[in-house]
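Q: Take a look at the following structure, please.
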Amino acid sequence: MSIFSKFDDIRAAYDALDKNGRNPFDIRFEKIISPTEAILDGRRILLFGTNNYLGLTFDPTCVEASVNAIYEAGTGTTGSRIANGTYAGHTFLEQQIAKYYGRRSAMVFTTGYQANLGLISTLAGRGDHLLIDADSHASIYDACKLSSAEIIRFRHNDPKDLARRLRRLEGLPGSRIVVTEGLFSMLGDTAPLREIAAVKREMGAYLIVDEAHSMGVLGKNGRGLAEAVGVEADVDFVVGTFSKSLGAIGGFAVSDLPDFDMLRVTCRPYMFTASLPPAIIASVTASLKRIATDNLLGARVLANGRRLYHGLARAGFELGPEPNPIVAIKISDRELAIKFWNALIAGGVYLNLALPPATPGSQSLIRSSVSAAHTEAQIDRAVQIMTDTGYRLGVLTESDARIAMPAAE
Amino acid sequence: MANQIENIEAEIVGVVQARIPAGVKVSAQTRIARDLGLDSVAVMDFVMDIEDHFDISIPLDRVAEVETVEDLSRAVEALLKEKA
C-alpha cells in the first residue's frame, strides 16, 4: 500500500488519456512564436486556448518595461511584503489599479489563485455565510476550504436560487458574502449580475465578483461584467488576474470599503508568500496603461469571439450559451472529445480539453479562447479545421449544418 | 424519532431514484459517489436537489462528511431539528 494508492482511480483515468495520443495535461511546446502561434512537435500550430485575450504577451512596450525593471531592481523580491518590504513598483501598480476601477483601494497578490484564496477565506470568518455559484473556479472552492465560514452553493447563474438560500439564513447572525464570476471560464457564459446585485441589495449581503476572464474584455473601459451591466456600485470587491488580458502573472482585489487594508495583516495567502518580482510588476503596469487607454483591444477580442462562435455555430457544433471570447464545444462522449482534441492538434489547432469533474453538467468540452491578436484569417482557418475534423470523426453530421456551406471555389 | 429518520431516508431514496437509471437499487447503505458512479461535482449537484426537497441548506463541510444515503439522512435530520 503506497502513500499514493489513494490516487489509483485518478491514475487509471490519467493513463487512459495516453492511449488516444497526447496527454492533455502534458502538452509541451518547443517554442512560443507569438500570442497566436507556437511550435509543437516540430510543427507550427495555431493557439486557440491561451486566455491571452488582448495578445499583450509580446507587446514591445510591456517587454521593454519588464527588461528595464530587471536591470533596475533585480530579478526577484526574495520575500513577502510584510517581511521584506514593499517596492515602489508594487505601490504604484496598486494605485493604478485602484484608479482604473475608480476604487478607494487595491491590493496585489502573487497569483490570481491566491487573490481569490486570500480575499474570500479572510473576509468570511467563523459564523459568516459564504454563498458561491456552484460552477465557481477551483480557487473559490479552495478559499472555502480555508475559510471558517459556512459554505453554501447556489445553482449556477440562478438569482432566484440565491435568494432562496439567503432566505433560509434569516435570523442567523453573521455576514452573508456572495461570490460569482463575470465570465465563467468553461462555457464562456456571463453571470446575471444585475439580478444578483438586486438580490444582494434586497437581502443584505456583500458581493464579490471574480472578473478574471472579463477584465479588458467586457465593459466600455474593460472593467468587466459589472461595468458592462452597470452595477459596479453594488459590487463590494472585484477580484482579477494579471495572467490573462494583462499577459503576465499575479492577481488583485479592489474595494471602496474603508478597512480594506486590514487584509494586508490578516490575509495569509498575501502575507506568507513572496511578492511579485519587478519584471512582472513593470509589464503589468505597462499593459494596464495600455488597456486603460486603448478601447480597441477589447472591441477586437469581442469581435473575434463572435466570429469564432458564429463560425462554429453555423457548422452545427453545440456551444455554450453566449458568443464571448471563450467558446466551448460540448461533447457528451468523453472518448470522442479526447479523439477530437487530438485530431485538432494534428490538424494544426491547439485548444483546451476539459473533462468532468472540471466541467459543468458532466460534459466534456473542447474549449477555445480567442485573442485580439488573432487575424480573421486565423479564425476562419481554425473554424475550417474544426469543421472538417468534426465531420471526419462524427462529432458533426450532415444534418448539423445550420446553413448550406458555400461550395469550394 | 427513529420513524422520522426512516421517512427522511425514504424521501432521499426517492430523489436519488429520479436521477439514476431505472433498476439500480438504492438503500440506506448505498454509497452515493462509489455505488452510483457520481463524480464529486455530480454529488454536490445531487445534494442541491435534496436541499430544495427539504428546504434546508447543507453546508459544504457537512456534505464532505457524507458517504452513504444514511449519512445524508442524518445530516438532513440534524438540520431540520436546528430549523425547528
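In the C-alpha cells, chains take the letters A, B, ... in the order shown, each chain's residues start at 1, and ligands count up from 1 in the order shown.
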Sorted by chain and rising residue number, list the residues of chain A at most 12 Å from chain B (counting only C-alpha atoms), each with its closest atom pair and distance in Å to one decimal, as a tab-separated table.
A:
```
residue	atom	partner	partner_atom	distance
A:Asp9	CA	B:Arg34	CA	11.2
A:Ile10	CA	B:Asp39	CA	11.6
A:Asp128	CA	B:Pro59	CA	11.7
A:His129	CA	B:Pro59	CA	9.2
A:Leu130	CA	B:Pro59	CA	9.5
A:Leu131	CA	B:Pro59	CA	9.8
A:Ile132	CA	B:Leu60	CA	10.6
A:Asp133	CA	B:Asp45	CA	11.6
A:Ala134	CA	B:Asp45	CA	8.1
A:Asp135	CA	B:Val41	CA	9.1
A:Ser136	CA	B:Val41	CA	11.2
A:Ala138	CA	B:Val41	CA	11.6
A:Tyr141	CA	B:Leu60	CA	9.8
A:Asp142	CA	B:Leu60	CA	11.7
A:Cys144	CA	B:Leu60	CA	8.6
A:Lys145	CA	B:Asp61	CA	8.1
A:Leu146	CA	B:Asp61	CA	11.1
A:Ser147	CA	B:Asp61	CA	10.7
A:Ser148	CA	B:Asp61	CA	10.0
A:Ala149	CA	B:Pro59	CA	9.4
A:Glu150	CA	B:Pro59	CA	5.8
A:Ile151	CA	B:Pro59	CA	5.1
A:Ile152	CA	B:Pro59	CA	5.3
A:Arg153	CA	B:Leu60	CA	7.7
A:Phe154	CA	B:Met48	CA	8.1
A:Arg155	CA	B:Met48	CA	7.9
A:His156	CA	B:Asp45	CA	10.2
A:Asp161	CA	B:Asp52	CA	9.4
A:Leu162	CA	B:Ser57	CA	11.1
A:Arg164	CA	B:Asp55	CA	8.8
A:Arg165	CA	B:Ser57	CA	6.8
A:Leu166	CA	B:Ser57	CA	9.5
A:Arg167	CA	B:Ile56	CA	10.1
A:Arg168	CA	B:Ile56	CA	6.7
A:Leu169	CA	B:Ser57	CA	8.6
A:Glu170	CA	B:Lys83	CA	10.7
A:Gly171	CA	B:Lys83	CA	10.6
A:Leu172	CA	B:Lys83	CA	10.5
A:Leu355	CA	B:Asp39	CA	11.4
A:Pro356	CA	B:Asp39	CA	7.8
A:Pro357	CA	B:Val41	CA	5.9
A:Ala358	CA	B:Val41	CA	8.2
A:Thr359	CA	B:Val41	CA	8.7
A:Pro360	CA	B:Val41	CA	8.1
A:Gly361	CA	B:Ala42	CA	7.7
A:Ser362	CA	B:Ala42	CA	7.3
A:Gln363	CA	B:Ala42	CA	11.1
```
Q: From a DSSP pass on the backbone, collect the residues of chain B flagged as alpha helix (DSSP H) and hand them back as JSON, numbers by chain.
A: {"B": [2, 3, 4, 5, 6, 7, 8, 9, 10, 11, 12, 13, 14, 15, 16, 17, 18, 19, 32, 33, 34, 35, 36, 40, 41, 42, 43, 44, 45, 46, 47, 48, 49, 50, 51, 52, 53, 54, 60, 61, 62, 63, 64, 65, 69, 70, 71, 72, 73, 74, 75, 76, 77, 78, 79, 80, 81, 82, 83]}
Q: Output the selection as a compact mmCIF listing (two decimals), in the first residue's frame - C-alpha atoms for each residue.
A:
```txt
# COMPACT_ATOMS: atom_id res chain seq x y z
CA ALA B 2 -36.46 6.55 14.60
CA ASN B 3 -39.51 6.85 12.47
CA GLN B 4 -38.51 10.27 11.26
CA ILE B 5 -35.05 9.25 10.07
CA GLU B 6 -36.64 6.40 8.13
CA ASN B 7 -39.02 8.84 6.49
CA ILE B 8 -36.13 11.11 5.56
CA GLU B 9 -34.24 8.15 4.14
CA ALA B 10 -37.24 7.13 2.06
CA GLU B 11 -37.61 10.65 0.67
CA ILE B 12 -33.89 10.81 -0.19
CA VAL B 13 -34.05 7.44 -1.93
CA GLY B 14 -36.96 8.86 -3.96
CA VAL B 15 -34.86 11.85 -5.07
CA VAL B 16 -31.91 9.55 -5.91
CA GLN B 17 -34.09 7.17 -7.94
CA ALA B 18 -35.25 10.04 -10.13
CA ARG B 19 -31.62 10.78 -11.09
CA ILE B 32 -23.62 7.91 -3.05
CA ALA B 33 -20.43 8.52 -5.06
CA ARG B 34 -18.98 4.99 -5.39
CA ASP B 35 -22.12 2.94 -5.90
CA LEU B 36 -23.97 5.42 -8.10
CA SER B 40 -17.58 14.89 -6.84
CA VAL B 41 -19.44 17.66 -8.66
CA ALA B 42 -22.41 15.42 -9.50
CA VAL B 43 -22.67 14.53 -5.80
CA MET B 44 -22.78 18.21 -4.83
CA ASP B 45 -25.44 18.85 -7.50
CA PHE B 46 -27.49 15.96 -6.23
CA VAL B 47 -27.22 17.37 -2.70
CA MET B 48 -28.76 20.62 -4.01
CA ASP B 49 -31.87 18.68 -5.03
CA ILE B 50 -32.02 17.24 -1.51
CA GLU B 51 -31.62 20.74 -0.05
CA ASP B 52 -34.55 22.05 -2.06
CA HIS B 53 -36.65 18.98 -1.28
CA PHE B 54 -36.35 19.66 2.46
CA LEU B 60 -20.26 22.15 2.18
CA ASP B 61 -18.22 20.82 5.12
CA ARG B 62 -21.14 18.60 6.11
CA VAL B 63 -21.51 17.40 2.52
CA ALA B 64 -17.85 16.35 2.63
CA GLU B 65 -18.59 14.00 5.55
CA VAL B 69 -27.61 7.69 1.99
CA GLU B 70 -27.82 7.12 5.74
CA ASP B 71 -25.11 9.74 6.43
CA LEU B 72 -27.03 12.20 4.30
CA SER B 73 -30.28 11.39 6.11
CA ARG B 74 -28.63 12.10 9.47
CA ALA B 75 -27.27 15.42 8.21
CA VAL B 76 -30.72 16.37 6.94
CA GLU B 77 -32.33 15.28 10.20
CA ALA B 78 -29.91 17.39 12.26
CA LEU B 79 -30.53 20.45 10.09
CA LEU B 80 -34.30 20.00 10.24
CA LYS B 81 -34.01 19.86 14.03
CA GLU B 82 -31.91 23.06 14.11
CA LYS B 83 -34.51 24.75 11.96
```
Q: List every residue of stretch 165-184 of chain A that has an atom at most 12 Å from any atom of stretch 317-330 of chain A, giving for each one its closest atom pair and the distance in Å to one decimal, counting only C-alpha atoms, sorted by chain and then by ascending residue number, as CSV.
A:
```
residue,atom,partner,partner_atom,distance
A:Gly182,CA,A:Asn324,CA,11.6
A:Leu183,CA,A:Ile326,CA,8.6
A:Phe184,CA,A:Ile326,CA,8.6
```
Q: Which of these, A:Ile345, A:Leu246, A:Leu302, A:Ala373, has the shortest distance to A:Ile39 once you count only C-alpha atoms?
A: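 For A:Ile39, the nearest of the candidates is A:Ile345.
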Q: What's the 10 Å shell around stretch 376-388 of chain A, counting only C-alpha atoms, without same-chain residues fewer than 2 positions away, as a PyMOL selection string?
A: chain A and resi 36-37+46-48+303-305+307-317+340-341+343-345+347-350+370-371+373-374+390-396+401
Q: Would you write out those residues with N, CA and C atoms, as a short mmCIF file (atom, residue, chain, number, x, y, z; two decimals), in the first residue's frame?
A:
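So the final result, stored in part_29.cif, reads:
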```cif
data_model
loop_
_atom_site.label_atom_id
_atom_site.label_comp_id
_atom_site.auth_asym_id
_atom_site.auth_seq_id
_atom_site.Cartn_x
_atom_site.Cartn_y
_atom_site.Cartn_z
N THR A 36 -0.38 34.02 -30.89
CA THR A 36 -1.31 33.15 -31.61
C THR A 36 -0.67 31.93 -32.26
N GLU A 37 0.65 31.79 -32.17
CA GLU A 37 1.30 30.64 -32.80
C GLU A 37 2.44 30.08 -31.95
N LEU A 46 -1.63 26.75 -34.54
CA LEU A 46 -2.40 27.93 -34.14
C LEU A 46 -2.82 27.79 -32.68
N LEU A 47 -2.66 28.84 -31.90
CA LEU A 47 -3.03 28.79 -30.49
C LEU A 47 -4.44 29.35 -30.30
N PHE A 48 -5.35 28.47 -29.89
CA PHE A 48 -6.72 28.89 -29.60
C PHE A 48 -7.15 28.47 -28.21
N ALA A 303 -15.11 41.01 -31.05
CA ALA A 303 -15.46 40.73 -32.44
C ALA A 303 -14.90 39.37 -32.88
N ASN A 304 -13.65 39.10 -32.46
CA ASN A 304 -13.04 37.81 -32.79
C ASN A 304 -13.80 36.65 -32.15
N GLY A 305 -14.25 36.86 -30.91
CA GLY A 305 -15.02 35.83 -30.21
C GLY A 305 -16.31 35.53 -30.96
N ARG A 307 -16.85 36.00 -34.12
CA ARG A 307 -16.54 35.35 -35.41
C ARG A 307 -16.33 33.84 -35.21
N LEU A 308 -15.58 33.49 -34.18
CA LEU A 308 -15.34 32.07 -33.92
C LEU A 308 -16.65 31.38 -33.52
N TYR A 309 -17.39 32.01 -32.62
CA TYR A 309 -18.62 31.41 -32.11
C TYR A 309 -19.61 31.16 -33.25
N HIS A 310 -19.84 32.20 -34.05
CA HIS A 310 -20.84 32.05 -35.11
C HIS A 310 -20.36 31.09 -36.20
N GLY A 311 -19.05 31.08 -36.45
CA GLY A 311 -18.49 30.13 -37.42
C GLY A 311 -18.74 28.69 -36.98
N LEU A 312 -18.49 28.43 -35.71
CA LEU A 312 -18.69 27.06 -35.20
C LEU A 312 -20.17 26.73 -35.07
N ALA A 313 -20.98 27.74 -34.71
CA ALA A 313 -22.43 27.51 -34.59
C ALA A 313 -23.01 27.16 -35.96
N ARG A 314 -22.58 27.89 -36.99
CA ARG A 314 -23.07 27.62 -38.35
C ARG A 314 -22.70 26.21 -38.79
N ALA A 315 -21.50 25.77 -38.38
CA ALA A 315 -21.08 24.41 -38.75
C ALA A 315 -21.93 23.36 -38.03
N GLY A 316 -22.61 23.78 -36.97
CA GLY A 316 -23.51 22.86 -36.29
C GLY A 316 -23.02 22.35 -34.94
N PHE A 317 -21.90 22.88 -34.47
CA PHE A 317 -21.41 22.43 -33.16
C PHE A 317 -22.35 22.91 -32.06
N PHE A 340 -11.20 13.91 -30.67
CA PHE A 340 -11.39 15.15 -31.44
C PHE A 340 -10.26 16.14 -31.10
N TRP A 341 -9.99 16.26 -29.83
CA TRP A 341 -8.95 17.19 -29.38
C TRP A 341 -7.60 16.80 -29.97
N ALA A 343 -7.08 15.06 -32.70
CA ALA A 343 -7.10 15.25 -34.15
C ALA A 343 -6.95 16.73 -34.49
N LEU A 344 -7.48 17.61 -33.65
CA LEU A 344 -7.35 19.05 -33.91
C LEU A 344 -5.90 19.49 -33.78
N ILE A 345 -5.20 18.94 -32.82
CA ILE A 345 -3.78 19.27 -32.69
C ILE A 345 -3.02 18.76 -33.91
N GLY A 347 -4.22 18.48 -36.74
CA GLY A 347 -4.64 19.34 -37.84
C GLY A 347 -4.09 20.76 -37.75
N GLY A 348 -3.46 21.09 -36.62
CA GLY A 348 -2.81 22.40 -36.52
C GLY A 348 -3.50 23.43 -35.65
N VAL A 349 -4.44 22.99 -34.79
CA VAL A 349 -5.07 23.94 -33.86
C VAL A 349 -4.94 23.42 -32.43
N TYR A 350 -4.36 24.23 -31.56
CA TYR A 350 -4.30 23.88 -30.15
C TYR A 350 -5.42 24.58 -29.40
N VAL A 370 -10.26 33.12 -27.75
CA VAL A 370 -9.66 33.91 -28.81
C VAL A 370 -8.92 35.10 -28.23
N SER A 371 -8.10 35.70 -29.08
CA SER A 371 -7.28 36.83 -28.70
C SER A 371 -7.56 37.98 -29.66
N ALA A 373 -5.29 39.44 -30.83
CA ALA A 373 -4.18 39.30 -31.77
C ALA A 373 -4.49 38.34 -32.92
N HIS A 374 -5.54 37.54 -32.81
CA HIS A 374 -5.89 36.66 -33.92
C HIS A 374 -6.34 37.48 -35.13
N GLY A 390 -14.38 17.65 -37.38
CA GLY A 390 -15.65 17.26 -36.75
C GLY A 390 -16.43 16.29 -37.61
N TYR A 391 -16.47 16.55 -38.92
CA TYR A 391 -17.17 15.62 -39.83
C TYR A 391 -16.45 14.28 -39.90
N ARG A 392 -15.11 14.35 -39.99
CA ARG A 392 -14.33 13.13 -40.15
C ARG A 392 -14.54 12.19 -38.97
N LEU A 393 -14.65 12.76 -37.75
CA LEU A 393 -14.77 11.92 -36.56
C LEU A 393 -16.22 11.67 -36.14
N GLY A 394 -17.14 12.30 -36.84
CA GLY A 394 -18.53 12.08 -36.49
C GLY A 394 -19.02 12.94 -35.33
N VAL A 395 -18.25 13.99 -34.97
CA VAL A 395 -18.75 14.96 -33.99
C VAL A 395 -19.88 15.74 -34.65
N LEU A 396 -19.73 15.97 -35.96
CA LEU A 396 -20.75 16.63 -36.76
C LEU A 396 -21.29 15.63 -37.79
N ALA A 401 -25.37 21.03 -39.98
CA ALA A 401 -25.06 22.34 -40.54
C ALA A 401 -26.30 23.22 -40.55
#
```
Q: With only C-alpha atoms as the counted atoms, please give the residues lying no more than 6 Å from stretch 236-244 of chain A, apart from itself and same-chain residues fewer than 4 positions off, as a compact mmCIF listing (two decimals) with N, CA and C atoms, in the first residue's frame.
A:
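Contents of selection_28.txt, freshly written:
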```txt
# COMPACT_ATOMS: atom_id res chain seq x y z
N ASN A 51 -6.09 31.98 -23.21
CA ASN A 51 -6.61 33.07 -22.35
C ASN A 51 -5.84 34.38 -22.55
N ASN A 52 -5.09 34.45 -23.64
CA ASN A 52 -4.29 35.65 -23.93
C ASN A 52 -5.20 36.64 -24.68
N GLY A 112 -3.44 35.02 -9.33
CA GLY A 112 -4.88 35.18 -9.30
C GLY A 112 -5.52 34.17 -8.36
N LEU A 207 -20.99 41.46 -1.95
CA LEU A 207 -20.86 40.80 -3.25
C LEU A 207 -19.41 40.87 -3.75
N ILE A 208 -18.85 39.69 -4.05
CA ILE A 208 -17.52 39.58 -4.65
C ILE A 208 -17.70 39.08 -6.08
N VAL A 209 -17.10 39.76 -7.05
CA VAL A 209 -17.16 39.28 -8.43
C VAL A 209 -15.74 39.06 -8.94
N ASP A 210 -15.50 37.85 -9.40
CA ASP A 210 -14.21 37.49 -9.98
C ASP A 210 -14.27 37.80 -11.48
N GLU A 211 -13.53 38.83 -11.88
CA GLU A 211 -13.54 39.26 -13.29
C GLU A 211 -12.29 38.76 -14.02
N ALA A 212 -11.77 37.62 -13.63
CA ALA A 212 -10.52 37.11 -14.21
C ALA A 212 -10.58 37.04 -15.74
N ALA A 248 0.71 38.49 -17.95
CA ALA A 248 1.85 38.13 -17.09
C ALA A 248 1.39 37.11 -16.05
N ILE A 249 1.55 37.43 -14.80
CA ILE A 249 1.01 36.58 -13.72
C ILE A 249 0.77 37.47 -12.51
N GLY A 250 -0.15 37.07 -11.64
CA GLY A 250 -0.46 37.85 -10.45
C GLY A 250 -1.95 38.05 -10.35
N GLY A 251 -2.38 38.58 -9.21
CA GLY A 251 -3.81 38.82 -9.02
C GLY A 251 -4.02 40.09 -8.22
N PHE A 252 -5.27 40.51 -8.13
CA PHE A 252 -5.55 41.72 -7.36
C PHE A 252 -6.99 41.69 -6.85
N ALA A 253 -7.25 42.56 -5.87
CA ALA A 253 -8.61 42.80 -5.43
C ALA A 253 -8.75 44.29 -5.21
N VAL A 254 -9.93 44.84 -5.54
CA VAL A 254 -10.19 46.26 -5.29
C VAL A 254 -11.48 46.40 -4.50
N SER A 255 -11.57 47.50 -3.75
CA SER A 255 -12.77 47.75 -2.96
C SER A 255 -12.83 49.22 -2.55
```
